Every structure is written in C-alpha cells, then in structure tokens.
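All remarks here apply to the structure that follows.
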There are 2 protein chains.
Amino acid sequence: MAATSANVQNGVNVDQLVGTIKAIEGRPDLANFRFRSTSRWDGGARGHTTIKSFFGAGQEDTSRKLEYVLEGDEPPVLLGTNAAPNGVETVLAALSKCLTVSFIYPAAAQGIKVESLEYTMEGDVDLHGFLHLSDKVRPGFQNIRVTARVKANAPRAKIQELLAYATTVSPVLDTLRNPVPVTVELQ
Amino acid sequence: MAATSANVQNGVNVDQLVGTIKAIEGRPDLANFRFRSTSRWDGGARGHTTIKSFFGAGQEDTSRKLEYVLEGDEPPVLLGTNAAPNGVETVLAALSKCLTVSFIYPAAAQGIKVESLEYTMEGDVDLHGFLHLSDKVRPGFQNIRVTARVKANAPRAKIQELLAYATTVSPVLDTLRNPVPVTVELQ
C-alpha cells in the first residue's frame with residue numbers, strides 16, 4: 001500500500017479514526033455531541049419520529065440532506081395495528097447498531113479483518129409495570145440477552161477481547177446499563 | 001353509542017384495554033412479554049436489524065406477516081456514510097414511540113380526546129467515553145431532555161397529570177432511567 005493511500009479496514013477509514021482521536025486530545029470540546037429527534041402521533045399506537053440535525057465536532061453538522069423517518073406502532077395484542085416495531089423493540093435495534101460500530105471500529109484500528117458480525121437479542125418486559133397493576137414490577141426491560149456471532153481473521157480469544165471492549169465503550173449499552181437523567185417537560 | 005359498539009378513543013380500543021387488564025389480573029403470566037431482534041453488519045458503520053417475532057399474552061405471537069428492517073449507520077464525522085440514523089439517535093426514537101403510547105392509552109381510558117401529541121428530544125454524548133480517552137466520561141447519554149406539545153380537550157393541569165403518569169409507566173423511559181442487566185456472550 002502506498003503511503004498516501006487511505007488505510008481502510010472493515011470499511012472504516014482508520015486514518016480518520018486516528019485523526020479524530022488526536023483532534024479531540026488537542027481540543028476536548030470537539031467530543032461534545034448533541035443528538036435530536038422530533039416525533040408526531042399518528043393515531044392509536046402509531047407515530048413517526050424524524051431525525052436529521054445534530055451538533056458535533058464543534059459545529060452544527062449539515063452533512064445530512066434528508067431526514068430519516070422511524071415509524072412506531074404496537075402489535076394487535078398491545079392495541080396496535082402491526083404497522084411498525086414498538087419502542088422496546090426499537091431499543092434492541094439501537095443496541096444492535098451501537099454494538100456493531102463499537103466492535104468494528106476497534107477491530108479495524110487493530111488491523112483485524114472482520115468477515116461477518118451478527119447479534120441476536122432478546123429482552124423481557126412484564127406488562128404489570130406499563131399497565132400500573134403492580135408497584136413492584138418495573139415497566140421497562142427486566143433484562144436483555146445479547147449473543148454475538150463473529151467471523152474474523154483472529155483467534156477466538158482476540159474476538160472475545162474485542163467484544164468485551166465493545167461492551168465497555170458502547171454508548172447505547174452504557175445508556176441501558178447505567179441510569180440516564182431524563183427530563184420531560186410540557187411546553 | 002350502542003352498547004355493542006367498540007369504545008374507541010384516540011384510535012385506541014378502550015374495551016380491549018380494559019379486557020387486557022382484567023385478563024392479566026386473572027392470569028398474571030399473560031403479562032410476560034419477550035421481544036427479539038437480529039442484526040447483521042453490512043460493512044463500515046452500516047448494519048441492519050430485523051424485528052418480527054415476539055412472545056406475549058401466553059403464546060408466540062404470529063400476527064406479523066412481514067419483518068421490520070431498521071438500518072443503522074453513522075454520519076461522516078463519525079466515520080460513516082449517512083445512510084441511516086445511529087444507535088443513540090435510535091434510542092431517542094424508541095423513547096418517542098414509547099412515550100406516545102404511554103400518554104395516548106391512559107388518555108383514551110379516561111375519555112380524553114387528544115388532537116395532537118409531539119415530542120422533541122435532545123441528548124448529549126461525550127465521545128471521550130466511546131473513544132476510551134477518559135475513564136471519567138461515560139460512553140452513553142449524559143442526559144436526555146424531552147419537550148412535549150399536546151392539544152387535547154382537557155385543562156393543562158390534566159394534560160400535565162397524564163404526562164407525569166406516562167413518565168412513570170413508560171417501559172423505555174424506565175429502561176433509560178434505571179439500570180438494565182445486559183449480558184453479552186460470544187457464541
């Protein structure tokens with residue numbers, strides 16, 4: 001590889017990753033990101049959330065030309081119409097996205113070529129909480145179990161180490177494992 | 001309204017809601033739900049999560065004929081290609097979905113007609129955590145701020161009360177505010 005070629009591994013530009021780390025070491029405020037969403041109810045259990053703008057790396061990011069739309073609904077047994085996944089299912093998708101990046105980027109930085117990465121997840125919810133039928137049952141996930149399947153040019157111990165690292169740095173996993181202060185205000 | 005008509009408010013079948021509560025009071029195990037997802041990495045920061053099956057109300061639910069696909073990516077500043085929202089943004093969408101249902105269902109049960117419901121959210125993430133540049137900075141959301149806008153045939157105090165109730169029963173809000181045990185295993 002020529003010295004001027006970008007060092008890309010697993011589809012990740014490792015030079016940019018290293019550059020980002022150096023930039024933040026020099027100017028810590030570049031690490032501050034603020035993500036946003038707007039949602040509207042569409043009747044019954046249905047609604048849609050739009051995501052576009054965010055602040056990060058010291059400025060309002062304008063690279064996205066289109067907004068993303070995520071629809072929500074419930075299955076009929078939960079009074080919906082099966083138009084879209086519900087909130088707790090969407091938490092599992094969020095965790096999947098995050099654990100993917102949290103594994104792939106460090107693997108790329110270490111020069112490990114990943115062939116495939118798959119996560120299956122399941123989580124338990126007891127409706128006694130949501131329906132307010134018991135004060136002893138939490139409304140949210142009681143637990144979440146994640147199983148990873150990885151093919152990569154590294155021994156199992158190294159893959160195990162990368163997976164353990166991913167679980168320590170994953171923003172969504174930390175968001176789930178540790179309390180997040182959430183304020184809810186009526187405008 | 002004839003006695004045999006379904007009692008539908010805000011698009012929610014209140015008779016079914018009351019029936020669900022009574023069924024669970026008679027047979028508590030019906031409240032146990034298990035949600036699932038499967039995700040595959042698609043190169044770089046990209047991946048997709050599929051959601052379909054779940055267990056609930058005492059059986060494997062087979063009402064969904066198609067699976068939902070949620071794509072993930074990062075913006076270029078986070079080494080992605082802007083193909084889809086990232087994990088932490090998807091957490092905001094999950095919370096939006098959940099707070100929508102958690103407000104609309106109890107409002108329907110109380111006979112309050114909701115005209116519109118909108119949430120805007122923002123949350124702060126400090127990349128020092130994800131990039132492992134500091135042990136003192138958590139990788140996940142440091143905080144999330146939710147603003148609700150509601151139009152309904154009820155005084156502001158009642159809307160405020162419904163919003164406060166939603167925050168106590170919302171499964172995703174509880175999942176964020178309180179720790180969830182998450183296990184991650186390599187197959």
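Residues in the structure tokens are named by chain (A, B, ... in the order shown) and by number from 1 within that chain; ligands are numbered from 1 in the order shown.
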### Message
If you run DSSP on the backbone here, which positions in chain A get alpha helix (DSSP H)? Please write them as number ranges by chain.
### Response
A: 14-26, 87-109, 127-130, 156-169, 171-177
Please save C-alpha atoms of the selected residues as a PDB file, in the first residue's frame.
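Wrote it out as part-v7.pdb, contents follow:
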ATOM      1  CA  VAL A  14      -8.545   4.061  10.236  1.00  0.00           C
ATOM      2  CA  ASP A  15      -6.539   7.199   9.399  1.00  0.00           C
ATOM      3  CA  GLN A  16      -9.653   9.292  10.028  1.00  0.00           C
ATOM      4  CA  LEU A  17     -10.285   7.404  13.271  1.00  0.00           C
ATOM      5  CA  VAL A  18      -6.753   8.108  14.488  1.00  0.00           C
ATOM      6  CA  GLY A  19      -7.085  11.716  13.315  1.00  0.00           C
ATOM      7  CA  THR A  20     -10.328  12.123  15.262  1.00  0.00           C
ATOM      8  CA  ILE A  21      -8.690  10.834  18.440  1.00  0.00           C
ATOM      9  CA  LYS A  22      -5.726  13.216  18.003  1.00  0.00           C
ATOM     10  CA  ALA A  23      -8.022  16.159  17.288  1.00  0.00           C
ATOM     11  CA  ILE A  24     -10.023  15.513  20.484  1.00  0.00           C
ATOM     12  CA  GLU A  25      -6.836  15.130  22.515  1.00  0.00           C
ATOM     13  CA  GLY A  26      -5.862  18.590  21.296  1.00  0.00           C
ATOM     14  CA  GLY A  87     -40.471   1.269  21.484  1.00  0.00           C
ATOM     15  CA  VAL A  88     -38.821  -1.564  23.380  1.00  0.00           C
ATOM     16  CA  GLU A  89     -38.080  -3.446  20.162  1.00  0.00           C
ATOM     17  CA  THR A  90     -36.501  -0.259  18.845  1.00  0.00           C
ATOM     18  CA  VAL A  91     -34.232  -0.211  21.915  1.00  0.00           C
ATOM     19  CA  LEU A  92     -32.895  -3.602  20.784  1.00  0.00           C
ATOM     20  CA  ALA A  93     -32.242  -2.186  17.298  1.00  0.00           C
ATOM     21  CA  ALA A  94     -30.449   0.801  18.833  1.00  0.00           C
ATOM     22  CA  LEU A  95     -28.239  -1.500  20.894  1.00  0.00           C
ATOM     23  CA  SER A  96     -27.508  -3.619  17.810  1.00  0.00           C
ATOM     24  CA  LYS A  97     -26.388  -0.597  15.793  1.00  0.00           C
ATOM     25  CA  CYS A  98     -24.169   0.600  18.603  1.00  0.00           C
ATOM     26  CA  LEU A  99     -22.548  -2.734  19.447  1.00  0.00           C
ATOM     27  CA  THR A 100     -21.811  -3.188  15.743  1.00  0.00           C
ATOM     28  CA  VAL A 101     -19.830   0.051  15.473  1.00  0.00           C
ATOM     29  CA  SER A 102     -18.271  -0.494  18.913  1.00  0.00           C
ATOM     30  CA  PHE A 103     -16.859  -3.805  17.707  1.00  0.00           C
ATOM     31  CA  ILE A 104     -15.966  -2.941  14.104  1.00  0.00           C
ATOM     32  CA  TYR A 105     -14.065   0.304  14.722  1.00  0.00           C
ATOM     33  CA  PRO A 106     -11.631  -1.061  17.329  1.00  0.00           C
ATOM     34  CA  ALA A 107     -11.171  -4.212  15.221  1.00  0.00           C
ATOM     35  CA  ALA A 108     -10.284  -2.015  12.247  1.00  0.00           C
ATOM     36  CA  ALA A 109      -7.864   0.013  14.360  1.00  0.00           C
ATOM     37  CA  LEU A 127     -46.780  -5.598  31.456  1.00  0.00           C
ATOM     38  CA  HIS A 128     -47.711  -5.249  35.134  1.00  0.00           C
ATOM     39  CA  GLY A 129     -45.454  -2.185  35.078  1.00  0.00           C
ATOM     40  CA  PHE A 130     -46.828  -0.459  31.984  1.00  0.00           C
ATOM     41  CA  ARG A 156     -11.305 -16.659  19.492  1.00  0.00           C
ATOM     42  CA  ALA A 157      -9.525 -15.097  22.489  1.00  0.00           C
ATOM     43  CA  LYS A 158      -8.896 -11.906  20.490  1.00  0.00           C
ATOM     44  CA  ILE A 159     -12.513 -11.809  19.294  1.00  0.00           C
ATOM     45  CA  GLN A 160     -13.621 -12.306  22.886  1.00  0.00           C
ATOM     46  CA  GLU A 161     -11.367  -9.418  23.928  1.00  0.00           C
ATOM     47  CA  LEU A 162     -12.760  -7.136  21.204  1.00  0.00           C
ATOM     48  CA  LEU A 163     -16.306  -8.000  22.251  1.00  0.00           C
ATOM     49  CA  ALA A 164     -15.525  -7.233  25.876  1.00  0.00           C
ATOM     50  CA  TYR A 165     -14.004  -3.910  24.797  1.00  0.00           C
ATOM     51  CA  ALA A 166     -17.110  -3.104  22.722  1.00  0.00           C
ATOM     52  CA  THR A 167     -19.267  -3.599  25.808  1.00  0.00           C
ATOM     53  CA  THR A 168     -17.201  -1.086  27.780  1.00  0.00           C
ATOM     54  CA  VAL A 169     -17.301   1.708  25.185  1.00  0.00           C
ATOM     55  CA  PRO A 171     -22.784   4.403  24.164  1.00  0.00           C
ATOM     56  CA  VAL A 172     -26.126   2.592  23.961  1.00  0.00           C
ATOM     57  CA  LEU A 173     -25.044  -0.298  26.175  1.00  0.00           C
ATOM     58  CA  ASP A 174     -23.882   2.213  28.801  1.00  0.00           C
ATOM     59  CA  THR A 175     -27.156   4.092  28.360  1.00  0.00           C
ATOM     60  CA  LEU A 176     -29.035   0.878  29.217  1.00  0.00           C
ATOM     61  CA  ARG A 177     -26.796  -0.458  31.969  1.00  0.00           C
TER      62      ARG A 177
END
Just want the 6 Å neighbourhood of Arg145 in chain A, counted on only C-alpha atoms, with same-chain residues fewer than 6 positions away dropped. Output as a PDB file with all heavy atoms, in the first residue's frame.
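Result written to selection01.pdb:
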ATOM      1  N   MET A 121     -30.729 -10.659  19.889  1.00  0.00           N
ATOM      2  CA  MET A 121     -31.043 -10.106  21.204  1.00  0.00           C
ATOM      3  C   MET A 121     -32.443 -10.519  21.618  1.00  0.00           C
ATOM      4  O   MET A 121     -33.325 -10.711  20.779  1.00  0.00           O
ATOM      5  CB  MET A 121     -31.004  -8.573  21.156  1.00  0.00           C
ATOM      6  CG  MET A 121     -29.693  -8.034  20.635  1.00  0.00           C
ATOM      7  SD  MET A 121     -29.493  -6.275  20.973  1.00  0.00           S
ATOM      8  CE  MET A 121     -27.809  -6.070  20.353  1.00  0.00           C
ATOM      9  N   GLU A 122     -32.637 -10.644  22.918  1.00  0.00           N
ATOM     10  CA  GLU A 122     -33.994 -10.774  23.435  1.00  0.00           C
ATOM     11  C   GLU A 122     -34.045 -10.116  24.799  1.00  0.00           C
ATOM     12  O   GLU A 122     -33.055 -10.066  25.535  1.00  0.00           O
ATOM     13  CB  GLU A 122     -34.469 -12.228  23.484  1.00  0.00           C
ATOM     14  CG  GLU A 122     -33.603 -13.174  24.251  1.00  0.00           C
ATOM     15  CD  GLU A 122     -34.180 -14.589  24.273  1.00  0.00           C
ATOM     16  OE1 GLU A 122     -34.948 -14.947  23.356  1.00  0.00           O
ATOM     17  OE2 GLU A 122     -33.861 -15.336  25.210  1.00  0.00           O
TER      18      GLU A 122
ATOM     19  N   VAL B 182     -27.662  -6.338  31.256  1.00  0.00           N
ATOM     20  CA  VAL B 182     -27.480  -6.773  29.863  1.00  0.00           C
ATOM     21  C   VAL B 182     -26.312  -7.745  29.821  1.00  0.00           C
ATOM     22  O   VAL B 182     -25.205  -7.407  30.263  1.00  0.00           O
ATOM     23  CB  VAL B 182     -27.184  -5.585  28.921  1.00  0.00           C
ATOM     24  CG1 VAL B 182     -27.085  -6.068  27.470  1.00  0.00           C
ATOM     25  CG2 VAL B 182     -28.238  -4.488  29.053  1.00  0.00           C
ATOM     26  N   THR B 183     -26.546  -8.949  29.320  1.00  0.00           N
ATOM     27  CA  THR B 183     -25.459  -9.909  29.143  1.00  0.00           C
ATOM     28  C   THR B 183     -25.085  -9.963  27.668  1.00  0.00           C
ATOM     29  O   THR B 183     -25.952  -9.899  26.798  1.00  0.00           O
ATOM     30  CB  THR B 183     -25.861 -11.316  29.603  1.00  0.00           C
ATOM     31  OG1 THR B 183     -27.004 -11.741  28.854  1.00  0.00           O
ATOM     32  CG2 THR B 183     -26.218 -11.335  31.088  1.00  0.00           C
TER      33      THR B 183
END
### Task
Would you please give, as a ChimeraX atom specification, all residues of range 30-109 of chain A that DSSP assigns to strand (DSSP E or B) based on the backbone?
/A:32-43,46-51,54-56,59-61,68-72
Take the residues just selected and output them with N, CA and C atoms as a CSV table (one decimal), in the first residue's frame.
chain,number,residue,atom,x,y,z
A,32,ASN,N,-17.9,16.8,22.2
A,32,ASN,CA,-19.3,17.0,22.6
A,32,ASN,C,-20.3,16.9,21.5
A,33,PHE,N,-21.2,15.9,21.6
A,33,PHE,CA,-22.2,15.7,20.5
A,33,PHE,C,-23.6,15.9,21.2
A,34,ARG,N,-24.5,16.4,20.4
A,34,ARG,CA,-25.9,16.6,20.8
A,34,ARG,C,-26.8,16.0,19.7
A,35,PHE,N,-27.5,15.0,20.0
A,35,PHE,CA,-28.4,14.3,19.0
A,35,PHE,C,-29.8,14.7,19.3
A,36,ARG,N,-30.7,14.7,18.3
A,36,ARG,CA,-32.0,15.2,18.4
A,36,ARG,C,-33.1,14.4,17.6
A,37,SER,N,-34.3,14.5,18.0
A,37,SER,CA,-35.4,13.8,17.3
A,37,SER,C,-36.7,14.6,17.5
A,38,THR,N,-37.6,14.5,16.6
A,38,THR,CA,-38.9,15.0,16.7
A,38,THR,C,-39.9,14.0,16.3
A,39,SER,N,-41.0,13.8,17.1
A,39,SER,CA,-42.0,12.8,16.8
A,39,SER,C,-43.4,13.4,16.8
A,40,ARG,N,-44.2,12.7,16.0
A,40,ARG,CA,-45.6,13.1,16.0
A,40,ARG,C,-46.5,11.9,16.1
A,41,TRP,N,-47.5,12.0,16.9
A,41,TRP,CA,-48.5,10.9,17.0
A,41,TRP,C,-49.4,10.8,15.7
A,42,ASP,N,-49.7,9.6,15.3
A,42,ASP,CA,-50.5,9.4,14.0
A,42,ASP,C,-51.8,8.7,14.3
A,43,GLY,N,-52.2,8.7,15.5
A,43,GLY,CA,-53.5,8.0,15.8
A,43,GLY,C,-53.3,6.6,16.4
A,46,ARG,N,-49.9,4.5,16.7
A,46,ARG,CA,-48.9,4.9,15.7
A,46,ARG,C,-48.3,6.3,15.8
A,47,GLY,N,-47.1,6.4,15.4
A,47,GLY,CA,-46.4,7.7,15.4
A,47,GLY,C,-45.2,7.5,14.5
A,48,HIS,N,-44.6,8.7,14.2
A,48,HIS,CA,-43.3,8.6,13.5
A,48,HIS,C,-42.4,9.6,14.0
A,49,THR,N,-41.1,9.3,14.0
A,49,THR,CA,-40.0,10.1,14.5
A,49,THR,C,-39.1,10.5,13.4
A,50,THR,N,-38.8,11.8,13.3
A,50,THR,CA,-37.8,12.2,12.3
A,50,THR,C,-36.5,12.6,13.0
A,51,ILE,N,-35.4,12.3,12.3
A,51,ILE,CA,-34.1,12.5,12.8
A,51,ILE,C,-33.2,13.1,11.7
A,54,PHE,N,-27.8,17.4,14.0
A,54,PHE,CA,-27.1,17.1,15.3
A,54,PHE,C,-25.9,18.1,15.4
A,55,PHE,N,-25.4,18.3,16.6
A,55,PHE,CA,-24.3,19.1,16.8
A,55,PHE,C,-23.1,18.1,17.2
A,56,GLY,N,-21.9,18.4,16.6
A,56,GLY,CA,-20.8,17.6,17.0
A,56,GLY,C,-19.5,18.1,16.3
A,59,GLN,N,-19.4,22.0,15.8
A,59,GLN,CA,-20.3,22.7,14.9
A,59,GLN,C,-21.6,22.0,14.7
A,60,GLU,N,-22.6,22.7,14.2
A,60,GLU,CA,-23.8,22.1,13.7
A,60,GLU,C,-23.5,21.3,12.4
A,61,ASP,N,-23.8,20.0,12.4
A,61,ASP,CA,-23.5,19.2,11.3
A,61,ASP,C,-24.6,19.3,10.2
A,68,TYR,N,-34.3,11.1,8.3
A,68,TYR,CA,-34.7,9.8,8.5
A,68,TYR,C,-36.1,9.7,9.2
A,69,VAL,N,-36.9,8.8,8.8
A,69,VAL,CA,-38.2,8.6,9.5
A,69,VAL,C,-38.3,7.2,10.0
A,70,LEU,N,-38.6,7.1,11.3
A,70,LEU,CA,-38.8,5.8,12.0
A,70,LEU,C,-40.2,5.8,12.5
A,71,GLU,N,-40.9,4.8,12.0
A,71,GLU,CA,-42.3,4.6,12.4
A,71,GLU,C,-42.5,3.8,13.6
A,72,GLY,N,-43.5,4.0,14.4
A,72,GLY,CA,-43.8,3.2,15.5
A,72,GLY,C,-45.2,2.7,15.6
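Closest approach to chain B from the set A:Leu186, A:Leu30, A:Val137, A:Ala83 is made by A:Leu186, with distances taken over only C-alpha atoms.
Contact shell of Asn143 in chain B at 8 Å (only C-alpha atoms; same-chain neighbours under 2 positions omitted): Val180, Pro181 and Val182 of chain A; Gly123, Asp124, Phe141 and Arg145 of chain B.
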### Message
Would you compute the distance between CA of Asn13 in chain A and CA of Ser134 in chain B? Give it in Å to one decimal.
### Response
22.5 Å
### Query
At what distance in Å, to one decimal, does CA of Gln9 in chain B lie from CA of Ile112 in chain B?
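Distance reported for this atom pair: 7.7 Å.
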### Message
Which residue is closest to Ala45 in chain A? Choose from A:Asn7, A:Asn86, A:Leu66, A:Val12 and count only C-alpha atoms.
### Response
A:Asn86
### Query
Between A:Gly44, A:Gly58, A:Pro75, A:Gly111, which has the minimum distance to chain B (counting only C-alpha atoms)?
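For chain B, the nearest of the candidates is A:Gly44.
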### Task
State, in Å with one decimal place, the distance from CA of His132 in chain A to CA of Pro28 in chain B.
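About the pair CA of His132 in chain A and CA of Pro28 in chain B: they are 12.9 Å apart.
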